[in-house]
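The data block below is model_13.csv; it holds CSV, N, CA and C atoms.
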chain,number,residue,atom,x,y,z
N,1,MET,N,14.1,-35.9,-0.2
N,1,MET,CA,13.1,-35.3,-1.1
N,1,MET,C,11.8,-35.1,-0.5
N,2,ALA,N,11.7,-35.1,0.8
N,2,ALA,CA,10.4,-35.0,1.5
N,2,ALA,C,9.7,-33.6,1.3
N,3,ASN,N,10.5,-32.6,0.9
N,3,ASN,CA,10.0,-31.3,0.7
N,3,ASN,C,9.5,-31.0,-0.7
N,4,ARG,N,9.4,-32.0,-1.5
N,4,ARG,CA,9.0,-31.8,-2.9
N,4,ARG,C,7.5,-32.0,-3.0
N,5,ILE,N,6.9,-31.3,-3.9
N,5,ILE,CA,5.4,-31.4,-4.2
N,5,ILE,C,5.2,-32.7,-5.1
N,6,PRO,N,4.3,-33.6,-4.7
N,6,PRO,CA,4.1,-34.8,-5.5
N,6,PRO,C,3.6,-34.5,-6.9
N,7,LEU,N,4.1,-35.2,-7.9
N,7,LEU,CA,3.8,-35.0,-9.3
N,7,LEU,C,3.0,-36.3,-9.7
N,8,ASP,N,1.8,-36.0,-10.3
N,8,ASP,CA,0.9,-37.1,-10.7
N,8,ASP,C,0.7,-38.2,-9.7
N,9,PRO,N,0.2,-37.8,-8.5
N,9,PRO,CA,-0.1,-38.8,-7.4
N,9,PRO,C,-1.3,-39.6,-7.8
N,10,LYS,N,-1.3,-40.8,-7.3
N,10,LYS,CA,-2.5,-41.7,-7.5
N,10,LYS,C,-3.7,-41.1,-6.7
N,11,LEU,N,-4.7,-40.6,-7.3
N,11,LEU,CA,-5.8,-40.0,-6.7
N,11,LEU,C,-7.0,-40.9,-6.7
N,12,PRO,N,-7.9,-40.7,-5.7
N,12,PRO,CA,-9.1,-41.6,-5.7
N,12,PRO,C,-9.9,-41.3,-6.9
N,13,LYS,N,-10.7,-42.3,-7.3
N,13,LYS,CA,-11.6,-42.2,-8.5
N,13,LYS,C,-12.5,-41.0,-8.3
N,14,ALA,N,-12.7,-40.2,-9.4
N,14,ALA,CA,-13.6,-39.0,-9.4
N,14,ALA,C,-13.2,-37.9,-8.4
N,15,PHE,N,-11.9,-37.9,-8.1
N,15,PHE,CA,-11.3,-37.0,-7.1
N,15,PHE,C,-11.7,-35.5,-7.4
N,16,ASP,N,-11.5,-35.1,-8.7
N,16,ASP,CA,-11.7,-33.7,-9.1
N,16,ASP,C,-13.2,-33.3,-9.1
N,17,SER,N,-14.1,-34.3,-9.2
N,17,SER,CA,-15.5,-33.9,-9.2
N,17,SER,C,-16.2,-34.2,-7.9
N,18,THR,N,-15.5,-34.6,-6.9
N,18,THR,CA,-16.1,-34.9,-5.6
N,18,THR,C,-16.1,-33.6,-4.7
N,19,PRO,N,-17.3,-33.1,-4.3
N,19,PRO,CA,-17.3,-32.0,-3.4
N,19,PRO,C,-16.6,-32.3,-2.1
N,20,ASN,N,-15.9,-31.3,-1.5
N,20,ASN,CA,-15.2,-31.5,-0.3
N,20,ASN,C,-16.1,-32.1,0.8
N,21,GLU,N,-17.4,-31.6,0.9
N,21,GLU,CA,-18.3,-32.0,1.9
N,21,GLU,C,-18.7,-33.5,1.8
N,22,GLU,N,-18.4,-34.1,0.6
N,22,GLU,CA,-18.7,-35.6,0.4
N,22,GLU,C,-17.5,-36.4,0.6
N,23,ARG,N,-16.3,-35.9,0.9
N,23,ARG,CA,-15.1,-36.6,1.1
N,23,ARG,C,-15.0,-37.2,2.5
N,24,SER,N,-14.4,-38.4,2.6
N,24,SER,CA,-14.2,-39.0,3.9
N,24,SER,C,-13.1,-38.2,4.7
N,25,LYS,N,-13.1,-38.4,6.0
N,25,LYS,CA,-12.1,-37.8,6.8
N,25,LYS,C,-10.7,-38.2,6.4
N,26,ASP,N,-10.5,-39.5,6.1
N,26,ASP,CA,-9.2,-40.0,5.6
N,26,ASP,C,-8.7,-39.2,4.4
N,27,GLN,N,-9.7,-39.0,3.4
N,27,GLN,CA,-9.3,-38.4,2.2
N,27,GLN,C,-9.0,-36.9,2.4
N,28,LEU,N,-9.8,-36.3,3.3
N,28,LEU,CA,-9.5,-34.9,3.6
N,28,LEU,C,-8.1,-34.7,4.3
N,29,ASP,N,-7.8,-35.7,5.2
N,29,ASP,CA,-6.5,-35.6,5.9
N,29,ASP,C,-5.4,-35.8,5.0
N,30,LEU,N,-5.5,-36.7,3.9
N,30,LEU,CA,-4.5,-36.9,3.0
N,30,LEU,C,-4.2,-35.7,2.0
N,31,TRP,N,-5.3,-35.0,1.6
N,31,TRP,CA,-5.2,-34.1,0.5
N,31,TRP,C,-5.5,-32.6,0.9
N,32,TRP,N,-6.2,-32.3,2.0
N,32,TRP,CA,-6.5,-30.9,2.3
N,32,TRP,C,-5.2,-30.2,2.6
N,33,ASN,N,-5.0,-29.1,1.9
N,33,ASN,CA,-3.8,-28.2,2.1
N,33,ASN,C,-2.5,-28.9,1.8
N,34,HIS,N,-2.6,-30.0,0.9
N,34,HIS,CA,-1.4,-30.7,0.5
N,34,HIS,C,-1.3,-30.5,-1.0
N,35,PRO,N,-0.4,-29.6,-1.5
N,35,PRO,CA,-0.3,-29.4,-3.0
N,35,PRO,C,0.2,-30.6,-3.7
N,36,TYR,N,-0.2,-30.6,-5.0
N,36,TYR,CA,0.4,-31.7,-5.9
N,36,TYR,C,0.3,-31.1,-7.3
N,37,GLY,N,1.0,-31.7,-8.2
N,37,GLY,CA,1.0,-31.3,-9.6
N,37,GLY,C,0.5,-32.4,-10.5
N,38,VAL,N,-0.1,-32.1,-11.6
N,38,VAL,CA,-0.6,-33.0,-12.6
N,38,VAL,C,0.0,-32.7,-13.9
N,39,THR,N,0.6,-33.6,-14.6
N,39,THR,CA,1.1,-33.4,-16.0
N,39,THR,C,-0.1,-33.4,-16.9
N,40,VAL,N,-0.1,-32.4,-17.8
N,40,VAL,CA,-1.2,-32.3,-18.8
N,40,VAL,C,-0.6,-32.7,-20.2
N,41,SER,N,-1.5,-32.9,-21.1
N,41,SER,CA,-1.2,-33.6,-22.4
N,41,SER,C,0.0,-32.9,-23.1
N,42,ASP,N,0.2,-31.6,-23.0
N,42,ASP,CA,1.3,-30.9,-23.7
N,42,ASP,C,2.6,-30.9,-22.9
N,43,GLY,N,2.6,-31.6,-21.7
N,43,GLY,CA,3.8,-31.7,-21.0
N,43,GLY,C,4.0,-30.7,-19.8
N,44,ARG,N,3.1,-29.7,-19.8
N,44,ARG,CA,3.1,-28.7,-18.7
N,44,ARG,C,2.6,-29.4,-17.4
N,45,ILE,N,3.0,-28.8,-16.3
N,45,ILE,CA,2.5,-29.2,-15.0
N,45,ILE,C,1.4,-28.3,-14.5
N,46,ASP,N,0.3,-28.8,-14.2
N,46,ASP,CA,-0.9,-28.0,-13.7
N,46,ASP,C,-1.0,-28.2,-12.2
N,47,ARG,N,-1.3,-27.2,-11.5
N,47,ARG,CA,-1.5,-27.3,-10.1
N,47,ARG,C,-3.0,-27.1,-9.8
N,48,PRO,N,-3.7,-28.2,-9.7
N,48,PRO,CA,-5.2,-28.1,-9.5
N,48,PRO,C,-5.6,-27.3,-8.3
Now that the file is in, can you turn its structure into structure tokens?
Amino acid sequence: MANRIPLDPKLPKAFDSTPNEERSKDQLDLWWNHPYGVTVSDGRIDRP
């Protein structure tokens, strides 16, 4: 299943509101150009 996009991954606190230039190298290495999906309240999957 390694080729699947992660769904609802555990993200760092304030992940969506942190500008990329303020992210650590480790965080950029983990998430830059790595897609993931997030389940929204109505059950749909959003791709941030």
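Note that the spacing between atom C of Ser41 of chain N and atom C of Asn3 of chain N amounts to 24.4 Å.
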- request: For atom CA of Val38 of chain N and atom CA of Pro9 of chain N, determine how far apart the two atoms are, in Å to one decimal place.
  value: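 These two atoms are separated by 7.8 Å.
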- request: Could you find all residues in chain N that DSSP calls strand (DSSP E) from the backbone, and write them as a list in words?
  value: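 Here is the list: Val38, Thr39, Ile45 and Asp46 of chain N.
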- prompt: Which polymer residues have any atom within 12 Å of an atom of Lys13 of chain N, counting only C-alpha atoms, with same-chain residues fewer than 5 positions away left out, as a list in words?
  reply: Thr18, Arg23 and Gln27 of chain N
- prompt: In Å, with one decimal, what is the gap from atom CA of Leu30 of chain N to atom CA of Ile45 of chain N?
  reply: 20.8 Å
- prompt: In chain N, what's alpha helix (DSSP H) per DSSP? Answer as JSON, numbers by chain?
  reply: {"N": [25, 26, 27, 28, 29, 30, 31]}
- request: Counting only N, CA and C atoms, figure out which residue out of N:Asp46, N:Ser24, N:Pro19, N:Pro35 gets nearest to Arg4 of chain N.
  value: N:Pro35
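Between Ser17 of chain N and the residues N:Pro48, N:Gly43, N:Tyr36, N:Ile5, the shortest atom-to-atom distance, using only C-alpha atoms, involves N:Pro48.
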Nearest to Gly37 of chain N by atom-to-atom distance, counting only N, CA and C atoms, from N:Pro6, N:Leu11, N:Lys25, N:Asn20: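 Closest candidate: N:Pro6.
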